[in-house]
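Trainee: Provided below: upload.pdb, containing PDB, C-alpha atoms and all ligand atoms.
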ATOM      1  CA  MET D   1     -48.476 -30.557  -8.401
ATOM      2  CA  ARG D   2     -45.014 -31.494  -7.136
ATOM      3  CA  GLU D   3     -44.865 -34.305  -9.684
ATOM      4  CA  GLU D   4     -45.724 -31.873 -12.532
ATOM      5  CA  GLU D   5     -42.999 -29.534 -11.414
ATOM      6  CA  GLU D   6     -40.536 -32.402 -11.247
ATOM      7  CA  ILE D   7     -41.479 -33.570 -14.741
ATOM      8  CA  SER D   8     -41.240 -30.086 -16.260
ATOM      9  CA  GLY D   9     -37.913 -29.640 -14.420
ATOM     10  CA  ARG D  10     -36.610 -32.835 -15.965
ATOM     11  CA  VAL D  11     -37.855 -31.846 -19.439
ATOM     12  CA  SER D  12     -36.180 -28.436 -19.276
ATOM     13  CA  LEU D  13     -32.981 -30.009 -17.901
ATOM     14  CA  ARG D  14     -33.025 -32.485 -20.783
ATOM     15  CA  GLY D  15     -33.534 -29.577 -23.236
ATOM     16  CA  PHE D  16     -30.629 -27.723 -21.652
ATOM     17  CA  ARG D  17     -28.305 -30.754 -21.859
ATOM     18  CA  LEU D  18     -29.343 -31.292 -25.488
ATOM     19  CA  ARG D  19     -28.503 -27.684 -26.329
ATOM     20  CA  GLN D  20     -25.149 -28.147 -24.572
ATOM     21  CA  ILE D  21     -24.401 -31.223 -26.714
ATOM     22  CA  LEU D  22     -25.281 -29.235 -29.860
ATOM     23  CA  ILE D  23     -23.008 -26.373 -28.819
ATOM     24  CA  LYS D  24     -20.200 -28.816 -28.069
ATOM     25  CA  SER D  25     -20.474 -30.744 -31.315
ATOM     26  CA  SER D  26     -20.503 -27.550 -33.391
ATOM     27  CA  SER D  27     -17.401 -26.054 -31.723
ATOM     28  CA  ASP D  28     -15.467 -28.817 -29.933
ATOM     29  CA  MET D  29     -15.535 -26.715 -26.760
ATOM     30  CA  GLN D  30     -15.593 -28.935 -23.684
ATOM     31  CA  ILE D  31     -18.023 -28.066 -20.917
ATOM     32  CA  ILE D  32     -16.442 -29.128 -17.638
ATOM     33  CA  ARG D  33     -18.345 -29.070 -14.350
ATOM     34  CA  SER D  34     -16.180 -31.033 -11.938
ATOM     35  CA  VAL D  35     -12.687 -30.559 -10.543
ATOM     36  CA  GLY D  36     -11.882 -34.182 -11.497
ATOM     37  CA  GLU D  37     -12.697 -33.613 -15.181
ATOM     38  CA  LEU D  38     -10.783 -30.322 -15.179
ATOM     39  CA  THR D  39      -7.714 -31.955 -13.628
ATOM     40  CA  ASP D  40      -7.742 -34.648 -16.337
ATOM     41  CA  TYR D  41      -8.199 -32.032 -19.068
ATOM     42  CA  VAL D  42      -5.311 -29.888 -17.790
ATOM     43  CA  ALA D  43      -3.016 -32.941 -17.374
ATOM     44  CA  LYS D  44      -3.665 -33.881 -21.016
ATOM     45  CA  GLN D  45      -2.758 -30.357 -22.199
ATOM     46  CA  LYS D  46       0.400 -30.302 -20.092
ATOM     47  CA  ASN D  47       1.434 -33.751 -21.433
ATOM     48  CA  ASN D  48       1.026 -32.405 -24.956
ATOM     49  CA  ARG D  49       3.043 -29.303 -23.992
ATOM     50  CA  HIS D  50       0.121 -27.059 -24.928
ATOM     51  CA  SER D  51       0.296 -23.560 -23.462
ATOM     52  CA  ILE D  52      -2.837 -22.695 -21.457
ATOM     53  CA  GLY D  53      -4.467 -19.265 -21.509
ATOM     54  CA  PHE D  54      -7.038 -18.685 -18.768
ATOM     55  CA  VAL D  55      -9.851 -16.160 -18.449
ATOM     56  CA  PRO D  56     -11.640 -16.294 -15.072
ATOM     57  CA  THR D  57     -15.123 -14.749 -15.174
ATOM     58  CA  MET D  58     -18.309 -14.558 -13.152
ATOM     59  CA  GLY D  59     -20.386 -15.033 -16.314
ATOM     60  CA  ALA D  60     -23.017 -12.626 -17.717
ATOM     61  CA  LEU D  61     -20.474 -12.244 -20.494
ATOM     62  CA  HIS D  62     -20.225  -9.182 -22.721
ATOM     63  CA  ALA D  63     -17.880  -7.879 -25.415
ATOM     64  CA  GLY D  64     -15.322  -6.916 -22.752
ATOM     65  CA  HIS D  65     -14.961 -10.551 -21.653
ATOM     66  CA  ILE D  66     -14.900 -11.711 -25.248
ATOM     67  CA  SER D  67     -11.987  -9.365 -26.001
ATOM     68  CA  LEU D  68      -9.987 -11.099 -23.221
ATOM     69  CA  VAL D  69     -10.981 -14.487 -24.586
ATOM     70  CA  GLU D  70      -9.985 -13.567 -28.146
ATOM     71  CA  ARG D  71      -6.587 -12.426 -26.952
ATOM     72  CA  ALA D  72      -6.106 -15.645 -24.966
ATOM     73  CA  VAL D  73      -7.123 -17.733 -27.989
ATOM     74  CA  LYS D  74      -4.571 -15.880 -30.128
ATOM     75  CA  GLU D  75      -1.698 -16.246 -27.648
ATOM     76  CA  ASN D  76      -2.115 -19.819 -26.369
ATOM     77  CA  ALA D  77      -2.546 -23.352 -27.695
ATOM     78  CA  VAL D  78      -5.668 -23.826 -25.564
ATOM     79  CA  THR D  79      -7.928 -21.383 -23.746
ATOM     80  CA  VAL D  80      -9.880 -22.240 -20.611
ATOM     81  CA  VAL D  81     -12.608 -19.905 -19.302
ATOM     82  CA  SER D  82     -14.246 -20.281 -15.903
ATOM     83  CA  VAL D  83     -17.783 -19.109 -15.219
ATOM     84  CA  PHE D  84     -18.298 -18.973 -11.463
ATOM     85  CA  VAL D  85     -20.074 -16.384  -9.328
ATOM     86  CA  ASN D  86     -17.755 -16.488  -6.347
ATOM     87  CA  PRO D  87     -19.754 -15.946  -3.123
ATOM     88  CA  THR D  88     -16.690 -15.130  -1.001
ATOM     89  CA  GLN D  89     -15.947 -11.869  -2.818
ATOM     90  CA  PHE D  90     -19.410 -10.377  -2.207
ATOM     91  CA  ASN D  91     -19.593  -8.344   0.978
ATOM     92  CA  ASN D  92     -23.232  -7.488   0.280
ATOM     93  CA  PRO D  93     -25.727 -10.416   0.146
ATOM     94  CA  GLU D  94     -28.155  -8.428  -2.055
ATOM     95  CA  ASP D  95     -25.371  -7.846  -4.592
ATOM     96  CA  LEU D  96     -24.699 -11.607  -4.696
ATOM     97  CA  ALA D  97     -28.411 -12.431  -5.002
ATOM     98  CA  THR D  98     -28.988  -9.995  -7.868
ATOM     99  CA  TYR D  99     -25.730 -10.657  -9.746
ATOM    100  CA  PRO D 100     -26.818 -11.526 -13.321
ATOM    101  CA  ARG D 101     -26.570 -15.204 -14.306
ATOM    102  CA  THR D 102     -26.826 -16.153 -17.991
ATOM    103  CA  GLU D 103     -25.080 -19.504 -18.229
ATOM    104  CA  GLU D 104     -26.608 -20.775 -21.447
ATOM    105  CA  ALA D 105     -25.884 -17.578 -23.382
ATOM    106  CA  ASP D 106     -22.353 -17.479 -21.904
ATOM    107  CA  ILE D 107     -21.607 -21.008 -23.115
ATOM    108  CA  ARG D 108     -22.854 -20.139 -26.586
ATOM    109  CA  LEU D 109     -20.675 -17.001 -26.780
ATOM    110  CA  LEU D 110     -17.569 -18.854 -25.584
ATOM    111  CA  ALA D 111     -18.064 -21.669 -28.078
ATOM    112  CA  LYS D 112     -18.267 -19.082 -30.874
ATOM    113  CA  ALA D 113     -15.107 -17.332 -29.639
ATOM    114  CA  GLY D 114     -12.997 -20.485 -30.062
ATOM    115  CA  VAL D 115     -12.586 -21.411 -26.382
ATOM    116  CA  SER D 116     -11.203 -24.927 -25.801
ATOM    117  CA  ALA D 117     -12.899 -25.608 -22.452
ATOM    118  CA  VAL D 118     -15.310 -23.808 -20.156
ATOM    119  CA  PHE D 119     -15.276 -24.670 -16.461
ATOM    120  CA  VAL D 120     -18.661 -24.139 -14.792
ATOM    121  CA  PRO D 121     -18.331 -25.462 -11.233
ATOM    122  CA  THR D 122     -20.722 -25.380  -8.289
ATOM    123  CA  VAL D 123     -19.761 -23.660  -5.032
ATOM    124  CA  LYS D 124     -19.232 -27.110  -3.461
ATOM    125  CA  GLU D 125     -16.840 -28.071  -6.227
ATOM    126  CA  ILE D 126     -14.701 -24.965  -5.652
ATOM    127  CA  TYR D 127     -14.950 -24.955  -1.843
ATOM    128  CA  PRO D 128     -15.447 -28.598  -0.777
ATOM    129  CA  ASP D 129     -14.611 -27.720   2.850
ATOM    130  CA  GLY D 130     -16.893 -24.675   2.991
ATOM    131  CA  ALA D 131     -16.513 -21.274   1.390
ATOM    132  CA  HIS D 132     -14.856 -19.458   4.253
ATOM    133  CA  THR D 133     -11.390 -20.918   4.595
ATOM    134  CA  VAL D 134      -9.035 -19.834   7.349
ATOM    135  CA  LYS D 135      -6.329 -18.893   4.861
ATOM    136  CA  THR D 136      -5.817 -15.194   4.373
ATOM    137  CA  TYR D 137      -3.535 -13.884   1.681
ATOM    138  CA  ASP D 138      -0.800 -11.331   2.041
ATOM    139  CA  LEU D 139      -2.028  -8.832  -0.543
ATOM    140  CA  GLY D 140      -0.014  -5.827   0.556
ATOM    141  CA  SER D 141      -1.056  -2.191   0.631
ATOM    142  CA  VAL D 142      -2.662  -2.272  -2.852
ATOM    143  CA  ALA D 143      -5.563  -4.190  -1.285
ATOM    144  CA  GLU D 144      -6.102  -1.736   1.575
ATOM    145  CA  VAL D 145      -7.240   1.323  -0.391
ATOM    146  CA  MET D 146     -10.299   2.170  -2.534
ATOM    147  CA  GLU D 147     -12.284  -1.076  -3.110
ATOM    148  CA  GLY D 148     -10.410  -2.644  -0.206
ATOM    149  CA  LYS D 149     -11.642   0.080   2.114
ATOM    150  CA  HIS D 150     -15.206   0.168   0.798
ATOM    151  CA  ARG D 151     -15.752  -3.582   0.361
ATOM    152  CA  PRO D 152     -14.202  -5.293   3.394
ATOM    153  CA  GLY D 153     -13.162  -8.870   2.599
ATOM    154  CA  HIS D 154     -13.740  -8.446  -1.142
ATOM    155  CA  PHE D 155     -10.124  -8.848  -2.215
ATOM    156  CA  GLN D 156      -9.492 -11.771   0.139
ATOM    157  CA  GLY D 157     -12.431 -13.474  -1.649
ATOM    158  CA  VAL D 158     -11.009 -12.592  -5.081
ATOM    159  CA  ALA D 159      -7.549 -13.872  -4.079
ATOM    160  CA  GLN D 160      -9.078 -17.050  -2.663
ATOM    161  CA  VAL D 161     -10.983 -17.965  -5.828
ATOM    162  CA  VAL D 162      -8.300 -16.863  -8.287
ATOM    163  CA  HIS D 163      -5.671 -18.846  -6.359
ATOM    164  CA  ARG D 164      -7.899 -21.943  -6.320
ATOM    165  CA  LEU D 165      -8.612 -21.578 -10.061
ATOM    166  CA  PHE D 166      -4.923 -21.024 -10.852
ATOM    167  CA  GLU D 167      -4.070 -24.213  -8.929
ATOM    168  CA  LEU D 168      -6.655 -26.170 -10.915
ATOM    169  CA  VAL D 169      -6.047 -24.703 -14.391
ATOM    170  CA  ASN D 170      -2.275 -24.141 -13.993
ATOM    171  CA  PRO D 171      -2.291 -21.513 -16.770
ATOM    172  CA  ASP D 172       0.734 -20.037 -18.502
ATOM    173  CA  ARG D 173      -1.107 -16.729 -18.894
ATOM    174  CA  ALA D 174      -4.226 -15.278 -17.238
ATOM    175  CA  TYR D 175      -6.192 -12.374 -18.680
ATOM    176  CA  PHE D 176      -7.916  -9.606 -16.687
ATOM    177  CA  GLY D 177      -9.771  -6.467 -17.772
ATOM    178  CA  GLU D 178      -8.391  -3.075 -16.747
ATOM    179  CA  LYS D 179     -11.849  -1.873 -15.731
ATOM    180  CA  ASP D 180     -11.013  -3.621 -12.464
ATOM    181  CA  PHE D 181      -7.737  -1.720 -12.283
ATOM    182  CA  GLN D 182      -7.119  -2.375  -8.601
ATOM    183  CA  GLN D 183      -8.033  -6.053  -8.921
ATOM    184  CA  ILE D 184      -5.117  -6.563 -11.318
ATOM    185  CA  ALA D 185      -2.679  -5.044  -8.786
ATOM    186  CA  VAL D 186      -4.107  -7.272  -6.033
ATOM    187  CA  ILE D 187      -3.846 -10.411  -8.169
ATOM    188  CA  ARG D 188      -0.240  -9.587  -9.083
ATOM    189  CA  SER D 189       0.426  -9.196  -5.373
ATOM    190  CA  MET D 190      -1.179 -12.584  -4.570
ATOM    191  CA  VAL D 191       0.784 -14.244  -7.413
ATOM    192  CA  ALA D 192       4.044 -12.817  -5.989
ATOM    193  CA  SER D 193       3.308 -13.780  -2.376
ATOM    194  CA  GLU D 194       2.232 -17.317  -3.357
ATOM    195  CA  HIS D 195       5.191 -17.675  -5.796
ATOM    196  CA  LEU D 196       2.934 -18.694  -8.680
ATOM    197  CA  ASP D 197       4.357 -19.122 -12.153
ATOM    198  CA  VAL D 198       1.707 -17.377 -14.244
ATOM    199  CA  GLU D 199       1.881 -14.278 -16.423
ATOM    200  CA  ILE D 200      -0.857 -11.753 -15.626
ATOM    201  CA  VAL D 201      -1.999 -10.059 -18.838
ATOM    202  CA  PRO D 202      -3.962  -6.793 -18.388
ATOM    203  CA  CYS D 203      -6.383  -5.962 -21.230
ATOM    204  CA  PRO D 204      -7.851  -2.530 -22.083
ATOM    205  CA  ILE D 205     -11.329  -1.472 -20.935
ATOM    206  CA  ARG D 206     -14.021  -2.083 -23.546
ATOM    207  CA  ARG D 207     -16.704   0.602 -23.774
ATOM    208  CA  ALA D 208     -20.162   0.876 -25.321
ATOM    209  CA  ASP D 209     -20.435   3.368 -28.217
ATOM    210  CA  ASP D 210     -21.618   6.020 -25.742
ATOM    211  CA  GLY D 211     -18.516   5.501 -23.561
ATOM    212  CA  LEU D 212     -19.941   3.461 -20.677
ATOM    213  CA  ALA D 213     -17.410   0.845 -19.541
ATOM    214  CA  LEU D 214     -18.857  -2.605 -20.300
ATOM    215  CA  SER D 215     -19.860  -4.446 -17.138
ATOM    216  CA  SER D 216     -22.155  -7.347 -16.317
ATOM    217  CA  ARG D 217     -23.859  -5.014 -13.824
ATOM    218  CA  ASN D 218     -24.974  -2.642 -16.633
ATOM    219  CA  THR D 219     -27.878  -5.033 -17.311
ATOM    220  CA  LEU D 220     -29.255  -4.148 -13.854
ATOM    221  CA  LEU D 221     -29.706  -0.459 -14.780
ATOM    222  CA  THR D 222     -33.170   0.912 -15.528
ATOM    223  CA  PRO D 223     -33.494   2.524 -19.004
ATOM    224  CA  ASP D 224     -33.147   6.012 -17.428
ATOM    225  CA  GLN D 225     -30.116   5.024 -15.374
ATOM    226  CA  ARG D 226     -28.515   3.407 -18.438
ATOM    227  CA  MET D 227     -29.158   6.556 -20.483
ATOM    228  CA  ARG D 228     -27.371   8.715 -17.893
ATOM    229  CA  ALA D 229     -24.554   6.250 -17.126
ATOM    230  CA  PRO D 230     -22.147   7.536 -19.853
ATOM    231  CA  GLY D 231     -21.917  10.719 -17.736
ATOM    232  CA  ILE D 232     -19.296   8.909 -15.632
ATOM    233  CA  TYR D 233     -16.850   8.441 -18.500
ATOM    234  CA  GLU D 234     -17.631  11.882 -19.963
ATOM    235  CA  ALA D 235     -16.619  13.496 -16.669
ATOM    236  CA  LEU D 236     -13.462  11.380 -16.450
ATOM    237  CA  LYS D 237     -12.480  12.013 -20.072
ATOM    238  CA  ASP D 238     -12.998  15.771 -19.860
ATOM    239  CA  SER D 239     -11.023  15.883 -16.622
ATOM    240  CA  VAL D 240      -7.875  14.661 -18.382
ATOM    241  CA  GLU D 241      -7.690  17.896 -20.356
ATOM    242  CA  TYR D 242      -8.762  19.910 -17.295
ATOM    243  CA  SER D 243      -5.920  18.323 -15.304
ATOM    244  CA  LEU D 244      -3.324  19.828 -17.661
ATOM    245  CA  ASN D 245      -3.745  23.231 -16.010
ATOM    246  CA  HIS D 246      -5.426  22.413 -12.704
ATOM    247  CA  SER D 247      -4.287  20.801  -9.478
ATOM    248  CA  VAL D 248      -4.987  17.215  -8.459
ATOM    249  CA  ARG D 249      -7.487  18.491  -5.857
ATOM    250  CA  ALA D 250      -9.361  20.673  -8.376
ATOM    251  CA  THR D 251      -9.465  17.823 -10.910
ATOM    252  CA  HIS D 252     -10.820  15.486  -8.254
ATOM    253  CA  ASP D 253     -13.507  17.961  -7.219
ATOM    254  CA  THR D 254     -14.677  18.775 -10.738
ATOM    255  CA  VAL D 255     -15.252  15.063 -11.488
ATOM    256  CA  VAL D 256     -17.161  14.444  -8.251
ATOM    257  CA  GLU D 257     -19.310  17.583  -8.579
ATOM    258  CA  ARG D 258     -20.201  16.818 -12.185
ATOM    259  CA  ILE D 259     -21.218  13.206 -11.538
ATOM    260  CA  ASP D 260     -23.076  13.956  -8.302
ATOM    261  CA  ALA D 261     -25.168  16.473 -10.257
ATOM    262  CA  ILE D 262     -26.585  13.673 -12.467
ATOM    263  CA  PRO D 263     -29.943  12.353 -11.151
ATOM    264  CA  GLU D 264     -29.665   9.096  -9.141
ATOM    265  CA  MET D 265     -25.840   9.181  -9.209
ATOM    266  CA  LYS D 266     -23.601   9.401  -6.181
ATOM    267  CA  VAL D 267     -19.830   9.046  -6.228
ATOM    268  CA  GLU D 268     -18.744   6.581  -3.533
ATOM    269  CA  TYR D 269     -15.079   7.446  -3.980
ATOM    270  CA  PHE D 270     -12.831   8.995  -6.592
ATOM    271  CA  GLU D 271      -9.120   8.693  -5.974
ATOM    272  CA  ILE D 272      -6.240   9.965  -8.053
ATOM    273  CA  VAL D 273      -3.387   7.562  -7.369
ATOM    274  CA  ASP D 274       0.065   6.380  -8.349
ATOM    275  CA  ALA D 275      -0.857   3.710 -10.930
ATOM    276  CA  ARG D 276       1.724   1.282  -9.506
ATOM    277  CA  THR D 277       1.358   1.649  -5.735
ATOM    278  CA  LEU D 278      -2.295   2.861  -5.769
ATOM    279  CA  MET D 279      -1.378   5.425  -3.106
ATOM    280  CA  PRO D 280      -3.045   8.854  -3.494
ATOM    281  CA  VAL D 281      -0.991  11.605  -5.127
ATOM    282  CA  GLU D 282      -1.283  15.271  -4.241
ATOM    283  CA  GLU D 283       0.832  16.624  -7.105
ATOM    284  CA  TRP D 284       0.839  15.464 -10.709
ATOM    285  CA  ASP D 285       4.599  14.934 -10.756
ATOM    286  CA  GLU D 286       4.587  12.717  -7.643
ATOM    287  CA  ALA D 287       4.388   9.609  -9.831
ATOM    288  CA  SER D 288       5.299   8.803 -13.426
ATOM    289  CA  GLU D 289       1.957   7.036 -14.002
ATOM    290  CA  VAL D 290      -1.194   8.500 -12.461
ATOM    291  CA  GLN D 291      -4.640   6.870 -12.550
ATOM    292  CA  GLY D 292      -8.066   8.128 -11.502
ATOM    293  CA  CYS D 293     -10.254   5.354 -10.042
ATOM    294  CA  ILE D 294     -13.948   5.917  -9.423
ATOM    295  CA  THR D 295     -16.939   4.089  -8.001
ATOM    296  CA  VAL D 296     -20.407   5.501  -8.530
ATOM    297  CA  PHE D 297     -23.806   4.363  -7.315
ATOM    298  CA  ASN D 298     -26.239   4.738 -10.203
ATOM    299  CA  GLY D 299     -29.446   4.090  -8.262
ATOM    300  CA  LYS D 300     -28.592   0.867  -6.441
ATOM    301  CA  VAL D 301     -26.112  -0.320  -9.057
ATOM    302  CA  ARG D 302     -22.472   0.138  -8.189
ATOM    303  CA  LEU D 303     -20.365   0.970 -11.265
ATOM    304  CA  ILE D 304     -16.595   1.346 -11.451
ATOM    305  CA  ASP D 305     -14.349   2.972 -14.023
ATOM    306  CA  ASN D 306     -10.883   4.485 -14.277
ATOM    307  CA  ILE D 307      -8.729   6.679 -16.462
ATOM    308  CA  ARG D 308      -5.024   7.382 -17.018
ATOM    309  CA  TYR D 309      -3.909  11.001 -16.373
ATOM    310  CA  ARG D 310      -0.167  10.739 -16.878
TER     311      ARG D 310
HETATM  312  O1  LIG F   1     -13.357  -9.856 -12.241
HETATM  313  C1  LIG F   1     -14.127 -10.797 -11.993
HETATM  314  O2  LIG F   1     -15.065 -11.100 -12.736
HETATM  315  C2  LIG F   1     -13.909 -11.608 -10.726
HETATM  316  O3  LIG F   1     -13.467 -10.810  -9.687
HETATM  317  C3  LIG F   1     -12.972 -12.810 -10.941
HETATM  318  C4  LIG F   1     -11.563 -12.382 -11.280
HETATM  319  C5  LIG F   1     -13.514 -13.712 -12.040
HETATM  320  C6  LIG F   1     -12.891 -13.637  -9.651
HETATM  321  O4  LIG F   1     -14.145 -14.116  -9.279
END
What is this file in structure tokens?

Mentor:
Amino acid sequence: MREEEEISGRVSLRGFRLRQILIKSSSDMQIIRSVGELTDYVAKQKNNRHSIGFVPTMGALHAGHISLVERAVKENAVTVVSVFVNPTQFNNPEDLATYPRTEEADIRLLAKAGVSAVFVPTVKEIYPDGAHTVKTYDLGSVAEVMEGKHRPGHFQGVAQVVHRLFELVNPDRAYFGEKDFQQIAVIRSMVASEHLDVEIVPCPIRRADDGLALSSRNTLLTPDQRMRAPGIYEALKDSVEYSLNHSVRATHDTVVERIDAIPEMKVEYFEIVDARTLMPVEEWDEASEVQGCITVFNGKVRLIDNIRYR
């Protein structure tokens, strides 16, 4: 029995490698799995004075990721994408265990999008001395609020992996989706405190036709939960007009009440904040740019979204 399993394992591995070779030969995209190979690849690009665009991802790619990739391909001589589900940014083991993994499909999509190299490391490759390093990053107050408060350790994990990837890829520009609005502020903060020479490029949220912000976690929704999920963006969108003649408090409350009334949905937090400092505002004119950031449990699936008010 064990032998059969081993043989079928080897056959499917061989099939997988074969498909990888086919993908590579049809697109020239390099599939890199080790730090050594990546270091050589990056050194070659730097020697040739090629600008490097970088898109870090956790895989389960969708059109939102591909829009970042397409922008990177347009703006740089070479584009590197990483696909790595980073264990240190998950504060909930069940979330890590159920995070969608679709490596083969991801590689196919990236090859089609004109990516030069995809880096698909193991945990050992990224954290050879163990995942929980002693280093903690100075991320400032932007990491203390919202996600920082509700997911302890999450942003230290994000900073840890993004810093490690930036050291390895040494990109000129790195691309991040604005769905993770706070994450961009935290990464900018890490880049400043570590004195890294990389331009952080924020890219607009991509939405499904019904308005739901694209997210790898959407695939975990049941059909009923998926059908009701656009209610989050509808409430946010309508609240922009509502905010024109209502207070910050009233706008906050109308969004929360409307979403909480949808079956299976529960707002974890909704904060209306200064878009630069991420500190809560109480009056609309307290900041020149005001953002509403929300996290909603749709069943067990945690979805985030945000919207600009001013
Ligand atoms: O936004 C994500 O997918 C992740 O947080 C990132 C930036 C790839 C780090 O693991």

Trainee: Tell me which residues the PyMOL selection byres (((not hetatm)) within 9 of (chain F and resi 1)) grabs here, as a ChimeraX atom specification.

Mentor: /D:55-59,65,82-89,154-155,157-162,176-177,179-180,183-184,187,216

Trainee: Write out the residues from the selection above, keeping C-alpha atoms, as a short mmCIF file (atom, residue, chain, number, x, y, z; two decimals), in the coordinates of the input.

Mentor:
data_model
loop_
_atom_site.label_atom_id
_atom_site.label_comp_id
_atom_site.auth_asym_id
_atom_site.auth_seq_id
_atom_site.Cartn_x
_atom_site.Cartn_y
_atom_site.Cartn_z
CA VAL D 55 -9.85 -16.16 -18.45
CA PRO D 56 -11.64 -16.29 -15.07
CA THR D 57 -15.12 -14.75 -15.17
CA MET D 58 -18.31 -14.56 -13.15
CA GLY D 59 -20.39 -15.03 -16.31
CA HIS D 65 -14.96 -10.55 -21.65
CA SER D 82 -14.25 -20.28 -15.90
CA VAL D 83 -17.78 -19.11 -15.22
CA PHE D 84 -18.30 -18.97 -11.46
CA VAL D 85 -20.07 -16.38 -9.33
CA ASN D 86 -17.76 -16.49 -6.35
CA PRO D 87 -19.75 -15.95 -3.12
CA THR D 88 -16.69 -15.13 -1.00
CA GLN D 89 -15.95 -11.87 -2.82
CA HIS D 154 -13.74 -8.45 -1.14
CA PHE D 155 -10.12 -8.85 -2.22
CA GLY D 157 -12.43 -13.47 -1.65
CA VAL D 158 -11.01 -12.59 -5.08
CA ALA D 159 -7.55 -13.87 -4.08
CA GLN D 160 -9.08 -17.05 -2.66
CA VAL D 161 -10.98 -17.96 -5.83
CA VAL D 162 -8.30 -16.86 -8.29
CA PHE D 176 -7.92 -9.61 -16.69
CA GLY D 177 -9.77 -6.47 -17.77
CA LYS D 179 -11.85 -1.87 -15.73
CA ASP D 180 -11.01 -3.62 -12.46
CA GLN D 183 -8.03 -6.05 -8.92
CA ILE D 184 -5.12 -6.56 -11.32
CA ILE D 187 -3.85 -10.41 -8.17
CA SER D 216 -22.16 -7.35 -16.32
#

Trainee: Please enumerate the residues selected by the PyMOL selection byres (((chain D and resi 206) around 10) and not hetatm) when evaluated against the supplied file, formatted as a PDB file with C-alpha atoms, in the coordinates of the input.

Mentor:
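What follows is the written file part.pdb:
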ATOM      1  CA  HIS D  62     -20.225  -9.182 -22.721  1.00  0.00           C
ATOM      2  CA  ALA D  63     -17.880  -7.879 -25.415  1.00  0.00           C
ATOM      3  CA  GLY D  64     -15.322  -6.916 -22.752  1.00  0.00           C
ATOM      4  CA  HIS D  65     -14.961 -10.551 -21.653  1.00  0.00           C
ATOM      5  CA  ILE D  66     -14.900 -11.711 -25.248  1.00  0.00           C
ATOM      6  CA  SER D  67     -11.987  -9.365 -26.001  1.00  0.00           C
ATOM      7  CA  LEU D  68      -9.987 -11.099 -23.221  1.00  0.00           C
ATOM      8  CA  GLY D 177      -9.771  -6.467 -17.772  1.00  0.00           C
ATOM      9  CA  GLU D 178      -8.391  -3.075 -16.747  1.00  0.00           C
ATOM     10  CA  LYS D 179     -11.849  -1.873 -15.731  1.00  0.00           C
ATOM     11  CA  CYS D 203      -6.383  -5.962 -21.230  1.00  0.00           C
ATOM     12  CA  PRO D 204      -7.851  -2.530 -22.083  1.00  0.00           C
ATOM     13  CA  ILE D 205     -11.329  -1.472 -20.935  1.00  0.00           C
ATOM     14  CA  ARG D 207     -16.704   0.602 -23.774  1.00  0.00           C
ATOM     15  CA  ALA D 208     -20.162   0.876 -25.321  1.00  0.00           C
ATOM     16  CA  ASP D 209     -20.435   3.368 -28.217  1.00  0.00           C
ATOM     17  CA  GLY D 211     -18.516   5.501 -23.561  1.00  0.00           C
ATOM     18  CA  LEU D 212     -19.941   3.461 -20.677  1.00  0.00           C
ATOM     19  CA  ALA D 213     -17.410   0.845 -19.541  1.00  0.00           C
ATOM     20  CA  LEU D 214     -18.857  -2.605 -20.300  1.00  0.00           C
ATOM     21  CA  SER D 215     -19.860  -4.446 -17.138  1.00  0.00           C
TER      22      SER D 215
END

Trainee: Identify all residues satisfying the PyMOL selection byres (((chain D and resi 264) around 6) and not hetatm) in the given file; provide them as a list of chain:residue names.

Mentor: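 For this structure, the PyMOL selection byres (((chain D and resi 264) around 6) and not hetatm) resolves to D:Pro263, D:Met265, D:Asn298, D:Gly299.
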
Trainee: Wanna dump the stretch 208-246 of chain D-stretch 100-103 of chain D contacts at 8 Å for me, each residue with its shortest atom pair and the distance in Å to one decimal, counting all atoms listed in the file, ordered by chain and number, as a tab-separated table?

Mentor:
residue	atom	partner	partner_atom	distance
D:Ser216	CA	D:Pro100	CA	6.9
D:Arg217	CA	D:Pro100	CA	7.2
D:Thr219	CA	D:Pro100	CA	7.7
D:Leu220	CA	D:Pro100	CA	7.8

Trainee: Nearest residue to D:Ala229 out of D:Glu268, D:Asp305, D:Glu167, D:Asp285, using all atoms listed in the file?

Mentor: D:Asp305

Trainee: Using all atoms listed in the file, which protein or nucleic acid residues come within 9 Å of D:Gln30? Drop anything in the same chain fewer than 5 positions from it, and give the result as a list in words.

Mentor: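 Result of the neighbour search: Lys24, Ala111, Val115, Ser116, Ala117, Val118 and Phe119 of chain D.
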
Trainee: Compare D:Val255, D:Val145, D:Leu139, D:Val78 by their minimum atom-to-atom distance to D:Arg49, counting all atoms listed in the file, and give me the closest one.

Mentor: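 Under the stated criterion, the closest residue is D:Val78.
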
Trainee: Please compute the atom CA of D:Tyr309-atom CA of D:Gln225 distance, one decimal, in Å.

Mentor: 26.9 Å

Trainee: What does the structure give for the distance between atom CA of D:Ala143 and atom CA of D:Val186, in Å to one decimal?

Mentor: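 Pair atom CA of D:Ala143 / atom CA of D:Val186 returns 5.8 Å.
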
Trainee: Please compute the atom CA of D:Ile107-atom CA of D:Met29 distance, one decimal, in Å.

Mentor: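 Here the two named atoms are 9.1 Å from each other.
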
Trainee: Got a sec: who's within 9 Å of D:Ser239, counting all atoms listed in the file, leaving out chain neighbours fewer than 5 positions off, as number ranges by chain?

Mentor: D: 234, 244, 251-252, 254-255, 309

Trainee: May I have the protein, DNA and RNA residues with an atom at most 9 Å from (-26.2, -7.3, -6.5), counting only C-alpha atoms in the file's coordinates, returned as a list of chain:residue names?

Mentor: D:Phe90, D:Asn92, D:Pro93, D:Glu94, D:Asp95, D:Leu96, D:Ala97, D:Thr98, D:Tyr99, D:Pro100, D:Arg217, D:Leu220, D:Lys300, D:Val301, D:Arg302
